[in-house]
>>> print(open('my_file_8.txt').read())   # compact mmCIF, N, CA and C atoms
# COMPACT_ATOMS: atom_id res chain seq x y z
N MET C 1 13.52 35.81 10.13
CA MET C 1 13.48 34.50 9.49
C MET C 1 14.87 33.90 9.51
N ALA C 2 14.97 32.68 9.94
CA ALA C 2 16.26 31.99 9.94
C ALA C 2 16.57 31.54 8.51
N ALA C 3 17.74 31.90 8.06
CA ALA C 3 18.16 31.50 6.72
C ALA C 3 18.47 30.01 6.72
N SER C 4 18.34 29.40 5.57
CA SER C 4 18.63 27.98 5.43
C SER C 4 20.05 27.66 5.91
N GLN C 5 21.01 28.51 5.58
CA GLN C 5 22.40 28.27 5.99
C GLN C 5 22.53 28.35 7.52
N ASP C 6 21.79 29.26 8.15
CA ASP C 6 21.83 29.36 9.61
C ASP C 6 21.31 28.09 10.27
N VAL C 7 20.24 27.54 9.74
CA VAL C 7 19.67 26.31 10.29
C VAL C 7 20.64 25.15 10.05
N LYS C 8 21.24 25.12 8.90
CA LYS C 8 22.23 24.08 8.59
C LYS C 8 23.40 24.16 9.58
N ASP C 9 23.91 25.36 9.81
CA ASP C 9 25.02 25.55 10.74
C ASP C 9 24.62 25.19 12.17
N TYR C 10 23.39 25.54 12.53
CA TYR C 10 22.84 25.20 13.86
C TYR C 10 22.86 23.69 14.06
N LEU C 11 22.34 22.96 13.10
CA LEU C 11 22.32 21.50 13.20
C LEU C 11 23.73 20.94 13.25
N ALA C 12 24.63 21.48 12.43
CA ALA C 12 26.00 20.98 12.39
C ALA C 12 26.69 21.10 13.74
N CYS C 13 26.49 22.22 14.41
CA CYS C 13 27.12 22.41 15.73
C CYS C 13 26.62 21.38 16.72
N TRP C 14 25.30 21.14 16.74
CA TRP C 14 24.75 20.20 17.70
C TRP C 14 25.08 18.76 17.34
N PHE C 15 25.21 18.45 16.06
CA PHE C 15 25.63 17.11 15.66
C PHE C 15 27.03 16.81 16.21
N GLN C 16 27.87 17.83 16.28
CA GLN C 16 29.23 17.64 16.79
C GLN C 16 29.23 17.25 18.27
N LEU C 17 28.14 17.53 18.97
CA LEU C 17 28.00 17.14 20.37
C LEU C 17 27.18 15.86 20.52
N GLY C 18 26.85 15.23 19.40
CA GLY C 18 26.14 13.96 19.44
C GLY C 18 24.63 14.04 19.42
N LYS C 19 24.08 15.24 19.29
CA LYS C 19 22.62 15.36 19.16
C LYS C 19 22.19 14.76 17.83
N LYS C 20 20.98 14.24 17.79
CA LYS C 20 20.46 13.61 16.58
C LYS C 20 19.30 14.41 16.03
N VAL C 21 19.03 14.22 14.75
CA VAL C 21 17.81 14.77 14.18
C VAL C 21 16.80 13.62 14.20
N ILE C 22 15.59 13.95 14.65
CA ILE C 22 14.53 12.97 14.82
C ILE C 22 13.55 13.08 13.65
N PHE C 23 13.23 11.93 13.04
CA PHE C 23 12.22 11.84 11.99
C PHE C 23 11.05 11.04 12.57
N PRO C 24 10.06 11.70 13.18
CA PRO C 24 8.98 11.00 13.88
C PRO C 24 8.16 10.04 13.02
N LYS C 25 7.90 10.41 11.77
CA LYS C 25 7.05 9.56 10.92
C LYS C 25 7.68 8.19 10.68
N THR C 26 9.00 8.16 10.56
CA THR C 26 9.68 6.89 10.30
C THR C 26 10.28 6.28 11.56
N HIS C 27 10.14 6.98 12.69
CA HIS C 27 10.69 6.52 13.97
C HIS C 27 12.20 6.33 13.90
N LYS C 28 12.87 7.20 13.15
CA LYS C 28 14.31 7.12 13.01
C LYS C 28 14.95 8.38 13.58
N SER C 29 16.19 8.22 14.00
CA SER C 29 16.99 9.37 14.41
C SER C 29 18.37 9.18 13.80
N ARG C 30 18.98 10.30 13.41
CA ARG C 30 20.28 10.21 12.74
C ARG C 30 21.19 11.32 13.20
N CYS C 31 22.46 10.99 13.24
CA CYS C 31 23.52 11.96 13.53
C CYS C 31 24.73 11.53 12.71
N PRO C 32 25.24 12.38 11.86
CA PRO C 32 26.39 11.97 11.08
C PRO C 32 27.61 11.74 11.97
N ALA C 33 28.36 10.69 11.67
CA ALA C 33 29.57 10.40 12.44
C ALA C 33 30.62 11.48 12.20
N VAL C 34 30.66 11.98 10.98
CA VAL C 34 31.61 13.03 10.62
C VAL C 34 30.81 14.22 10.09
N VAL C 35 31.02 15.39 10.70
CA VAL C 35 30.28 16.59 10.30
C VAL C 35 31.12 17.48 9.41
N LEU C 36 32.37 17.66 9.78
CA LEU C 36 33.26 18.57 9.05
C LEU C 36 34.17 17.80 8.11
N GLY C 37 34.33 18.37 6.90
CA GLY C 37 35.25 17.81 5.92
C GLY C 37 36.46 18.71 5.79
N THR C 38 37.30 18.44 4.82
CA THR C 38 38.52 19.23 4.65
C THR C 38 38.24 20.62 4.08
N ARG C 39 37.18 20.77 3.32
CA ARG C 39 36.87 22.07 2.71
C ARG C 39 35.43 22.49 2.92
N GLY C 40 34.83 22.03 3.96
CA GLY C 40 33.43 22.36 4.23
C GLY C 40 32.83 21.25 5.06
N TYR C 41 31.54 21.04 4.87
CA TYR C 41 30.87 19.96 5.58
C TYR C 41 31.18 18.63 4.90
N SER C 42 31.13 17.56 5.69
CA SER C 42 31.40 16.22 5.16
C SER C 42 30.28 15.80 4.21
N GLN C 43 30.58 14.82 3.37
CA GLN C 43 29.56 14.30 2.46
C GLN C 43 28.42 13.66 3.24
N GLU C 44 28.76 13.00 4.34
CA GLU C 44 27.73 12.37 5.17
C GLU C 44 26.78 13.42 5.73
N PHE C 45 27.32 14.54 6.21
CA PHE C 45 26.46 15.62 6.71
C PHE C 45 25.64 16.21 5.58
N GLU C 46 26.23 16.45 4.43
CA GLU C 46 25.49 17.03 3.30
C GLU C 46 24.35 16.13 2.85
N ARG C 47 24.56 14.80 2.87
CA ARG C 47 23.48 13.88 2.51
C ARG C 47 22.34 13.96 3.52
N LEU C 48 22.68 14.03 4.81
CA LEU C 48 21.65 14.15 5.83
C LEU C 48 20.92 15.49 5.70
N TRP C 49 21.64 16.57 5.42
CA TRP C 49 21.02 17.88 5.24
C TRP C 49 20.03 17.83 4.07
N ALA C 50 20.40 17.16 2.99
CA ALA C 50 19.49 17.03 1.83
C ALA C 50 18.23 16.26 2.24
N GLU C 51 18.39 15.22 3.04
CA GLU C 51 17.24 14.45 3.51
C GLU C 51 16.34 15.30 4.41
N ILE C 52 16.96 16.11 5.27
CA ILE C 52 16.21 16.99 6.16
C ILE C 52 15.41 18.00 5.35
N GLN C 53 16.01 18.56 4.31
CA GLN C 53 15.32 19.55 3.49
C GLN C 53 14.13 18.95 2.73
N GLN C 54 14.17 17.65 2.46
CA GLN C 54 13.06 17.02 1.76
C GLN C 54 11.83 16.86 2.65
N SER C 55 12.04 16.77 3.97
CA SER C 55 10.89 16.65 4.87
C SER C 55 11.10 17.48 6.13
N PRO C 56 11.26 18.81 5.98
CA PRO C 56 11.57 19.64 7.15
C PRO C 56 10.45 19.70 8.18
N GLN C 57 9.19 19.50 7.75
CA GLN C 57 8.09 19.56 8.70
C GLN C 57 8.07 18.33 9.60
N ASP C 58 8.77 17.30 9.18
CA ASP C 58 8.72 16.04 9.91
C ASP C 58 9.96 15.77 10.76
N CYS C 59 10.86 16.74 10.92
CA CYS C 59 12.06 16.45 11.69
C CYS C 59 12.43 17.62 12.59
N TYR C 60 13.14 17.29 13.65
CA TYR C 60 13.57 18.29 14.62
C TYR C 60 14.82 17.78 15.33
N LEU C 61 15.56 18.69 15.93
CA LEU C 61 16.76 18.33 16.66
C LEU C 61 16.37 17.74 18.01
N GLU C 62 17.02 16.66 18.36
CA GLU C 62 16.81 16.02 19.66
C GLU C 62 16.94 17.04 20.80
N GLY C 63 15.98 17.04 21.70
CA GLY C 63 16.00 17.96 22.83
C GLY C 63 15.32 19.28 22.55
N THR C 64 14.70 19.43 21.36
CA THR C 64 13.98 20.65 21.02
C THR C 64 12.56 20.31 20.59
N ASP C 65 11.75 21.34 20.46
CA ASP C 65 10.35 21.15 20.05
C ASP C 65 10.07 21.70 18.67
N GLN C 66 10.98 22.50 18.11
CA GLN C 66 10.72 23.16 16.84
C GLN C 66 11.19 22.28 15.67
N SER C 67 10.30 22.14 14.69
CA SER C 67 10.68 21.38 13.50
C SER C 67 11.59 22.26 12.64
N VAL C 68 12.31 21.64 11.75
CA VAL C 68 13.16 22.40 10.84
C VAL C 68 12.30 23.35 10.01
N LYS C 69 11.11 22.91 9.62
CA LYS C 69 10.22 23.78 8.85
C LYS C 69 9.87 25.04 9.65
N GLU C 70 9.60 24.88 10.95
CA GLU C 70 9.30 26.04 11.78
C GLU C 70 10.50 26.98 11.85
N LEU C 71 11.69 26.41 11.99
CA LEU C 71 12.89 27.24 12.09
C LEU C 71 13.13 28.04 10.82
N LEU C 72 12.68 27.52 9.69
CA LEU C 72 12.86 28.22 8.41
C LEU C 72 11.77 29.27 8.18
N SER C 73 10.81 29.36 9.09
CA SER C 73 9.74 30.35 8.94
C SER C 73 10.18 31.70 9.48
N GLU C 74 9.35 32.70 9.26
CA GLU C 74 9.65 34.05 9.71
C GLU C 74 9.58 34.20 11.22
N ALA C 75 9.03 33.23 11.91
CA ALA C 75 8.85 33.33 13.35
C ALA C 75 10.13 33.04 14.14
N TRP C 76 11.14 32.51 13.49
CA TRP C 76 12.34 32.06 14.21
C TRP C 76 13.62 32.64 13.63
N GLU C 77 14.59 32.79 14.53
CA GLU C 77 15.96 33.14 14.16
C GLU C 77 16.89 32.24 14.95
N ILE C 78 18.11 32.13 14.50
CA ILE C 78 19.12 31.37 15.22
C ILE C 78 20.05 32.37 15.90
N VAL C 79 20.18 32.24 17.21
CA VAL C 79 21.01 33.14 18.02
C VAL C 79 21.93 32.30 18.90
N ALA C 80 22.85 32.95 19.60
CA ALA C 80 23.76 32.24 20.50
C ALA C 80 23.08 32.03 21.86
N CYS C 81 23.23 30.84 22.41
CA CYS C 81 22.71 30.53 23.74
C CYS C 81 23.49 31.33 24.77
N ALA C 82 22.79 31.92 25.72
CA ALA C 82 23.43 32.72 26.76
C ALA C 82 24.27 31.84 27.69
N ARG C 83 23.94 30.57 27.78
CA ARG C 83 24.65 29.67 28.68
C ARG C 83 25.87 29.04 28.04
N CYS C 84 25.70 28.54 26.81
CA CYS C 84 26.79 27.77 26.20
C CYS C 84 27.34 28.39 24.92
N THR C 85 26.76 29.45 24.44
CA THR C 85 27.13 30.20 23.24
C THR C 85 26.90 29.46 21.91
N LEU C 86 26.37 28.26 21.96
CA LEU C 86 26.07 27.55 20.73
C LEU C 86 24.77 28.07 20.14
N PRO C 87 24.54 27.85 18.84
CA PRO C 87 23.32 28.37 18.22
C PRO C 87 22.06 27.69 18.76
N VAL C 88 21.04 28.53 19.00
CA VAL C 88 19.74 28.05 19.46
C VAL C 88 18.65 28.83 18.74
N PRO C 89 17.46 28.23 18.62
CA PRO C 89 16.36 28.97 18.00
C PRO C 89 15.81 30.03 18.95
N ALA C 90 15.44 31.17 18.39
CA ALA C 90 14.81 32.24 19.16
C ALA C 90 13.57 32.68 18.41
N GLY C 91 12.49 32.84 19.17
CA GLY C 91 11.23 33.27 18.58
C GLY C 91 11.21 34.78 18.39
N HIS C 92 10.02 35.32 18.22
CA HIS C 92 9.85 36.76 18.03
C HIS C 92 10.56 37.52 19.15
N ALA C 93 11.06 38.67 18.84
CA ALA C 93 11.75 39.56 19.79
C ALA C 93 13.04 38.94 20.31
N HIS C 94 13.62 38.00 19.57
CA HIS C 94 14.90 37.38 19.90
C HIS C 94 14.91 36.72 21.28
N ILE C 95 13.79 36.21 21.70
CA ILE C 95 13.73 35.52 22.97
C ILE C 95 14.02 34.04 22.71
N PRO C 96 15.13 33.53 23.24
CA PRO C 96 15.43 32.11 23.02
C PRO C 96 14.35 31.23 23.61
N CYS C 97 14.14 30.08 22.98
CA CYS C 97 13.15 29.16 23.50
C CYS C 97 13.60 28.69 24.89
N PRO C 98 12.67 28.25 25.71
CA PRO C 98 12.97 27.97 27.11
C PRO C 98 14.11 26.98 27.33
N GLY C 99 14.21 25.98 26.52
CA GLY C 99 15.24 24.98 26.75
C GLY C 99 16.27 24.93 25.64
N CYS C 100 17.52 25.14 26.00
CA CYS C 100 18.61 24.99 25.04
C CYS C 100 18.88 23.49 24.88
N PRO C 101 19.26 23.04 23.69
CA PRO C 101 19.60 21.63 23.54
C PRO C 101 20.72 21.17 24.47
N CYS C 102 21.47 22.12 25.05
CA CYS C 102 22.55 21.74 25.96
C CYS C 102 22.03 21.33 27.33
N ALA C 103 20.76 21.58 27.62
CA ALA C 103 20.21 21.33 28.96
C ALA C 103 20.33 19.87 29.39
N ASP C 104 20.27 18.95 28.44
CA ASP C 104 20.35 17.53 28.82
C ASP C 104 21.73 16.92 28.60
N LEU C 105 22.73 17.76 28.33
CA LEU C 105 24.10 17.27 28.17
C LEU C 105 24.85 17.43 29.49
N ASP C 106 25.24 16.32 30.07
CA ASP C 106 25.99 16.37 31.32
C ASP C 106 27.31 17.09 31.11
N LEU C 107 27.70 17.87 32.09
CA LEU C 107 28.98 18.57 32.09
C LEU C 107 29.16 19.51 30.91
N TRP C 108 28.07 20.09 30.44
CA TRP C 108 28.18 21.04 29.33
C TRP C 108 27.59 22.37 29.77
N PRO C 109 28.18 23.47 29.48
CA PRO C 109 29.37 23.62 28.64
C PRO C 109 30.65 23.29 29.40
N ASN C 110 31.60 22.75 28.66
CA ASN C 110 32.91 22.39 29.18
C ASN C 110 33.94 23.18 28.39
N LEU C 111 34.40 24.26 28.95
CA LEU C 111 35.32 25.14 28.24
C LEU C 111 36.73 24.57 28.13
N ASP C 112 36.97 23.40 28.72
CA ASP C 112 38.26 22.73 28.56
C ASP C 112 38.31 21.96 27.24
N LEU C 113 37.17 21.78 26.62
CA LEU C 113 37.09 21.08 25.33
C LEU C 113 36.87 22.09 24.22
N PRO C 114 37.31 21.76 23.00
CA PRO C 114 37.01 22.67 21.88
C PRO C 114 35.50 22.72 21.65
N LEU C 115 34.99 23.91 21.39
CA LEU C 115 33.57 24.06 21.09
C LEU C 115 33.29 23.58 19.67
N PRO C 116 32.09 23.10 19.43
CA PRO C 116 31.72 22.79 18.05
C PRO C 116 31.88 24.05 17.20
N HIS C 117 32.24 23.86 15.96
CA HIS C 117 32.48 25.01 15.09
C HIS C 117 32.05 24.70 13.66
N LEU C 118 32.06 25.73 12.86
CA LEU C 118 31.69 25.62 11.45
C LEU C 118 32.92 25.23 10.65
N PRO C 119 32.73 24.69 9.46
CA PRO C 119 33.89 24.29 8.67
C PRO C 119 34.75 25.49 8.27
N VAL C 120 36.03 25.23 8.13
CA VAL C 120 36.99 26.25 7.71
C VAL C 120 37.65 25.77 6.43
N ASN C 121 37.69 26.64 5.44
CA ASN C 121 38.39 26.32 4.20
C ASN C 121 39.86 26.68 4.43
N GLY C 122 40.69 25.66 4.68
CA GLY C 122 42.09 25.88 5.01
C GLY C 122 42.87 26.62 3.95
N ILE C 123 42.59 26.34 2.70
CA ILE C 123 43.32 27.00 1.61
C ILE C 123 42.97 28.48 1.58
N LEU C 124 41.70 28.79 1.68
CA LEU C 124 41.27 30.19 1.69
C LEU C 124 41.84 30.92 2.91
N HIS C 125 41.84 30.27 4.05
CA HIS C 125 42.38 30.87 5.27
C HIS C 125 43.88 31.18 5.09
N LEU C 126 44.62 30.23 4.54
CA LEU C 126 46.05 30.45 4.32
C LEU C 126 46.30 31.56 3.29
N GLN C 127 45.47 31.64 2.27
CA GLN C 127 45.62 32.71 1.28
C GLN C 127 45.39 34.08 1.92
N ARG C 128 44.40 34.16 2.79
CA ARG C 128 44.15 35.43 3.48
C ARG C 128 45.31 35.81 4.39
N LEU C 129 45.88 34.82 5.09
CA LEU C 129 47.04 35.08 5.92
C LEU C 129 48.22 35.57 5.08
N GLN C 130 48.41 34.92 3.95
CA GLN C 130 49.50 35.30 3.05
C GLN C 130 49.32 36.75 2.58
N CYS C 131 48.12 37.11 2.20
CA CYS C 131 47.85 38.49 1.76
C CYS C 131 48.13 39.49 2.88
N ARG C 132 47.71 39.15 4.09
CA ARG C 132 47.96 40.04 5.23
C ARG C 132 49.45 40.20 5.48
N LEU C 133 50.20 39.11 5.37
CA LEU C 133 51.65 39.19 5.57
C LEU C 133 52.32 40.02 4.48
N LEU C 134 51.84 39.86 3.25
CA LEU C 134 52.40 40.65 2.15
C LEU C 134 52.09 42.13 2.34
N ASP C 135 50.87 42.43 2.84
CA ASP C 135 50.51 43.82 3.11
C ASP C 135 51.40 44.41 4.20
N LEU C 136 51.67 43.64 5.23
CA LEU C 136 52.55 44.10 6.31
C LEU C 136 53.97 44.34 5.80
N ASP C 137 54.41 43.43 4.93
CA ASP C 137 55.75 43.54 4.37
C ASP C 137 55.89 44.79 3.51
N SER C 138 54.84 45.10 2.71
CA SER C 138 54.89 46.28 1.86
C SER C 138 54.81 47.58 2.67
N GLU C 139 54.16 47.54 3.83
CA GLU C 139 54.11 48.72 4.70
C GLU C 139 55.46 49.02 5.32
N ASP C 140 56.24 47.98 5.59
CA ASP C 140 57.56 48.15 6.20
C ASP C 140 58.58 48.68 5.20
N ALA C 141 58.33 48.49 3.92
CA ALA C 141 59.32 48.89 2.89
C ALA C 141 59.34 50.37 2.64
>>> encode(input="my_file_8.txt", output="structure tokens")
Amino acid sequence: MAASQDVKDYLACWFQLGKKVIFPKTHKSRCPAVVLGTRGYSQEFERLWAEIQQSPQDCYLEGTDQSVKELLSEAWEIVACARCTLPVPAGHAHIPCPGCPCADLDLWPNLDLPLPHLPVNGILHLQRLQCRLLDLDSEDA
């Protein structure tokens, strides 16, 4: 079963490449302009995620066939694409679905560009670095 956080992270990565979430009932598609914030996901992304959670059966990522509701079921997991390493849905037995959302992106994967990524808490990261440096310093003494 794909955890809610895994599906959220999956969508965030693809939003960074311009993929949209499709809401078929309302004939709307949306992609947040800003996905990452300074200490997590942007407010715009969080608002869209809340909207997606309210109607998961009615929405899916552009270029895929699985609804968010399906991805949250026991039949699916989120794994890395063998071609582009970005998260993709995989059915039973960890078999990725036939088409990765990257299939319709020209010139992708492009390893000369930064890959989409998850948010990083800069303060927490710096604190961990500081602790590691202090540990190294105490070992030298």
>>> select_by_dssp(input="my_file_8.txt", residues="chain C", states="helix (DSSP H, G or I)", output="number ranges by chain")
C: 4-15, 43-54, 56-58, 68-71, 92-94, 101-104, 122-140
>>> atom_distance(input="my_file_8.txt", atom1="CA of Asp6 in chain C", atom2="CA of Leu113 in chain C")
23.4 Å
>>> residues_around(input="my_file_8.txt", residues="range 11-25 of chain C", least_positions_apart="3", cutoff="5 Å", atoms="all atoms listed in the file", output="ChimeraX atom specification")
/C:7-8,28-31,58-62
>>> select_by_dssp(input="my_file_8.txt", residues="chain C", states="strand (DSSP E)", output="VMD selection string")
chain C and resid 21 to 23 28 to 30 60 to 61 77 to 80 87 to 90
>>> atom_distance(input="my_file_8.txt", atom1="atom C of Pro89 in chain C", atom2="CA of Leu71 in chain C")
8.0 Å
>>> closest_residue(input="my_file_8.txt", among="C:Leu115, C:Val34, C:Cys131, C:Cys81", to="Glu46 in chain C", atoms="only N, CA and C atoms")
C:Val34
>>> closest_residue(input="my_file_8.txt", among="C:Pro101, C:Pro32, C:Pro114, C:Gly63", to="Pro87 in chain C", atoms="all atoms listed in the file")
C:Pro101
>>> atom_distance(input="my_file_8.txt", atom1="atom N of Trp49 in chain C", atom2="atom C of Ala3 in chain C")
13.9 Å
>>> residues_around(input="my_file_8.txt", residues="Glu70 in chain C", least_positions_apart="6", cutoff="6 Å", atoms="all atoms listed in the file", output="number ranges by chain")
C: 56-57, 76
>>> write_last_selection(input="my_file_8.txt", atoms="N, CA and C atoms", output="short mmCIF file (atom, residue, chain, number, x, y, z; two decimals), in the coordinates of the input")
data_model
loop_
_atom_site.label_atom_id
_atom_site.label_comp_id
_atom_site.auth_asym_id
_atom_site.auth_seq_id
_atom_site.Cartn_x
_atom_site.Cartn_y
_atom_site.Cartn_z
N PRO C 56 11.26 18.81 5.98
CA PRO C 56 11.57 19.64 7.15
C PRO C 56 10.45 19.70 8.18
N GLN C 57 9.19 19.50 7.75
CA GLN C 57 8.09 19.56 8.70
C GLN C 57 8.07 18.33 9.60
N TRP C 76 11.14 32.51 13.49
CA TRP C 76 12.34 32.06 14.21
C TRP C 76 13.62 32.64 13.63
#
